[in-house]
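Participant: Have a peek at query-v6.txt (compact mmCIF, C-alpha atoms).
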# COMPACT_ATOMS: atom_id res chain seq x y z
CA MET A 23 -6.48 0.58 8.05
CA PRO A 24 -7.45 0.31 11.70
CA ALA A 25 -7.07 3.29 14.03
CA GLY A 26 -3.52 3.62 15.30
CA GLY A 27 -2.04 3.50 11.81
CA LEU A 28 0.64 1.11 10.75
CA ALA A 29 2.14 1.00 14.23
CA GLY A 30 -1.17 0.03 15.83
CA PHE A 31 -1.75 -2.53 13.10
CA ALA A 32 1.70 -4.02 13.68
CA ASN A 33 1.05 -4.34 17.41
CA ARG A 34 -2.27 -6.12 16.87
CA THR A 35 -0.77 -8.38 14.22
CA ARG A 36 1.89 -9.66 16.62
CA LYS A 37 -0.84 -10.95 18.93
CA LYS A 38 -2.73 -12.90 16.28
CA ASN A 39 -2.38 -13.80 12.65
CA ILE A 40 -4.75 -11.65 10.60
CA ALA A 41 -5.74 -12.89 7.15
CA MET A 42 -6.47 -10.16 4.61
CA LYS A 43 -8.56 -10.79 1.53
CA ALA A 44 -8.41 -8.88 -1.74
CA THR A 45 -11.45 -6.68 -1.95
CA ILE A 46 -12.89 -4.51 -4.66
CA GLN A 47 -13.12 -0.82 -3.87
CA LYS A 48 -15.03 1.72 -5.90
CA GLU A 49 -14.05 5.33 -6.31
CA THR A 50 -16.08 8.08 -7.94
CA ARG A 51 -14.14 10.70 -9.90
CA PRO A 52 -15.14 13.41 -12.36
CA ASN A 53 -14.07 12.63 -15.93
CA HIS A 54 -13.11 15.06 -18.70
CA ASP A 55 -16.81 15.96 -19.25
CA ASN A 56 -17.22 16.79 -15.53
CA ARG A 57 -19.51 13.77 -15.20
CA GLU A 58 -18.75 11.36 -12.40
CA THR A 59 -17.55 7.87 -13.25
CA GLN A 60 -16.95 4.90 -10.95
CA THR A 61 -13.70 3.00 -11.13
CA ALA A 62 -13.29 -0.40 -9.52
CA PHE A 63 -9.99 -1.31 -7.89
CA VAL A 64 -8.64 -4.47 -6.27
CA SER A 65 -6.90 -4.19 -2.89
CA PRO A 66 -3.42 -5.69 -3.16
CA GLU A 67 -2.39 -8.22 -0.55
CA VAL A 68 0.17 -6.74 1.85
CA ASN A 69 2.76 -7.86 4.39
CA LEU A 70 3.93 -5.54 7.16
CA PHE A 71 7.11 -5.97 9.16
CA GLU A 72 8.58 -3.90 11.99
CA THR A 73 12.33 -3.31 12.16
CA ASN A 74 14.41 -1.35 14.67
CA ASP A 75 14.31 1.68 12.37
CA GLY A 76 10.73 1.55 11.10
CA TYR A 77 8.32 -0.57 9.11
CA VAL A 78 8.50 -2.39 5.80
CA LEU A 79 5.28 -2.72 3.82
CA GLU A 80 5.17 -5.14 0.88
CA ALA A 81 2.25 -5.03 -1.56
CA GLU A 82 1.76 -7.69 -4.23
CA MET A 83 0.85 -5.87 -7.42
CA ALA A 84 1.28 -8.31 -10.31
CA GLY A 85 1.50 -6.69 -13.72
CA VAL A 86 2.36 -3.20 -12.40
CA ARG A 87 5.52 -1.46 -13.59
CA LYS A 88 7.38 1.37 -11.85
CA GLU A 89 5.93 3.99 -14.19
CA ASP A 90 2.40 2.71 -13.48
CA LEU A 91 2.58 3.32 -9.71
CA GLU A 92 1.14 6.31 -7.85
CA ILE A 93 1.95 6.67 -4.17
CA THR A 94 0.53 9.77 -2.54
CA LEU A 95 0.65 11.07 0.99
CA GLU A 96 -2.02 13.53 2.08
CA GLY A 97 -2.07 14.40 5.77
CA ASN A 98 -1.73 11.07 7.54
CA GLU A 99 -3.23 9.05 4.67
CA MET A 100 -1.05 7.15 2.20
CA THR A 101 -2.69 5.91 -1.00
CA ILE A 102 -1.11 3.32 -3.27
CA VAL A 103 -2.47 2.93 -6.82
CA GLY A 104 -1.04 0.56 -9.42
CA HIS A 105 -2.30 0.60 -13.01
CA ARG A 106 -2.30 -2.65 -14.97
CA HIS A 107 -2.28 -3.00 -18.73
CA PRO A 108 -4.44 -5.64 -20.40
CA GLU A 109 -2.46 -8.65 -21.56
CA ALA A 110 -2.96 -10.03 -25.03
CA VAL A 111 -4.19 -13.60 -24.86
CA PRO A 112 -3.18 -16.11 -27.53
CA GLY A 113 -6.70 -17.53 -27.88
CA GLU A 114 -10.18 -17.64 -26.39
CA THR A 115 -10.24 -17.27 -22.59
CA LEU A 116 -11.91 -20.32 -21.05
CA PHE A 117 -11.27 -19.53 -17.40
CA ARG A 118 -9.77 -16.51 -15.65
CA GLU A 119 -9.23 -15.85 -11.95
CA SER A 120 -7.26 -12.66 -12.39
CA LEU A 121 -9.62 -9.68 -12.48
CA GLY A 122 -7.27 -7.47 -14.49
CA ARG A 123 -8.32 -4.41 -12.48
CA ASP A 124 -6.06 -1.68 -11.18
CA TYR A 125 -4.88 -1.89 -7.57
CA ARG A 126 -5.66 0.64 -4.84
CA ARG A 127 -5.11 0.59 -1.09
CA VAL A 128 -5.25 3.37 1.50
CA PHE A 129 -3.34 3.34 4.81
CA GLU A 130 -3.46 5.61 7.82
CA ILE A 131 0.12 6.58 8.67
CA ASP A 132 1.11 6.77 12.32
CA PRO A 133 2.57 10.17 13.32
CA ALA A 134 5.64 8.27 14.58
CA ILE A 135 6.61 7.60 10.92
CA ASP A 136 8.92 10.16 9.31
CA SER A 137 6.85 10.76 6.16
CA ALA A 138 9.62 12.82 4.51
CA LYS A 139 11.86 9.74 4.44
CA ILE A 140 9.41 7.16 3.04
CA SER A 141 10.93 5.34 0.06
CA ALA A 142 9.57 2.80 -2.42
CA GLN A 143 10.92 0.18 -4.82
CA VAL A 144 9.15 -2.26 -7.13
CA ASP A 145 10.63 -5.53 -8.37
CA GLN A 146 8.69 -8.16 -10.35
CA GLY A 147 5.31 -6.93 -9.12
CA LEU A 148 6.30 -6.61 -5.45
CA LEU A 149 6.13 -3.04 -4.15
CA THR A 150 8.29 -2.49 -1.06
CA LEU A 151 7.86 0.66 1.01
CA GLN A 152 10.34 1.65 3.72
CA LEU A 153 8.52 3.61 6.44
CA PRO A 154 11.19 4.91 8.84
CA LYS A 155 10.37 5.83 12.42
CA SER A 156 10.90 9.42 13.41
CA GLU A 157 14.06 9.99 15.45
CA LYS A 158 11.81 11.30 18.26
CA VAL A 159 10.25 7.87 18.85
CA LYS A 160 13.33 5.68 18.43
CA PRO A 161 14.87 4.36 21.63
CA ARG A 162 18.01 6.22 22.59
CA LYS A 163 20.53 6.17 25.35
CA ILE A 164 20.83 9.22 27.58
CA THR A 165 24.29 10.01 28.84
CA VAL A 166 24.53 10.85 32.53
CA GLU A 167 26.94 13.72 33.21
Please rewrite the model in this file as structure tokens.

Facilitator:
Amino acid sequence: MPAGGLAGFANRTRKKNIAMKATIQKETRPNHDNRETQTAFVSPEVNLFETNDGYVLEAEMAGVRKEDLEITLEGNEMTIVGHRHPEAVPGETLFRESLGRDYRRVFEIDPAIDSAKISAQVDQGLLTLQLPKSEKVKPRKITVE
């Protein structure tokens, strides 16, 4: 995610249409034997919208169920991981474009987002995150006394 977090990304996106490609990321983690293993992930395609109250992030994660999602927030970094389960095929695979890998994408969260109020829903492989703006940054009317 570019510097400036989701808000900075939204501002740049308004000026020009940015095409995002699915990329493969690799992560090294210790396994149960304390040896490091590499896991390959696919970056899900995302859409980002700004509303009056915040941002809406949609991530296409085909084959991922609610119980297979991990969304973590550490500092100003939000990580989305979706685990897929291999599908049984009725015969010999002749051609396959779907990689069948798990999804992973990391975003830098703008401090203007109220991280305590972030919510998520998943429906038919579309993850939707509501990222509300903090009350401090929302426009407000000041009453003159």

Participant: Of the candidates A:Val111, A:Thr94, A:Arg118, A:Pro161, which shows the shortest atom-to-atom distance to Ser137 of chain A, using all atoms listed in the file?

Facilitator: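 For Ser137 of chain A, the nearest of the given residues is A:Thr94.
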
Participant: Quick one: distance from atom CA of Lys155 of chain A to atom CA of Leu91 of chain A in Å, one decimal?

Facilitator: 23.6 Å

Participant: Need to verify the contact set: segment 99-106 of chain A, 10 Å, only C-alpha atoms, exclusion of same-chain residues closer than 5 positions in sequence. Can you return it as an NGL selection string?

Facilitator: :A and (23 or 27 or 63-66 or 81 or 83-94 or 122-132 or 137 or 147 or 149)

Participant: With distances taken over all atoms listed in the file, which residue among A:Thr165, A:Gln152, A:Thr61, A:Ser120 lies nearest Val78 of chain A?

Facilitator: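 Among the listed residues, the smallest separation from Val78 of chain A belongs to A:Gln152.
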
Participant: Take atom CA of Thr115 of chain A and atom CA of Val144 of chain A and report the distance between them in Å, one decimal.

Facilitator: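 Straight-line distance from atom CA of Thr115 of chain A to atom CA of Val144 of chain A works out to 29.0 Å.
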
Participant: Using Å and a single decimal, report how far atom CA of Arg162 of chain A sits from atom CA of Leu95 of chain A.

Facilitator: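 A separation of 28.1 Å between them.
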
Participant: Residues within 6 Å of Tyr77 of chain A, please, as a ChimeraX atom specification. Count all atoms listed in the file; anything in the same chain fewer than 5 positions from it doesn't count.

Facilitator: /A:71-72,153
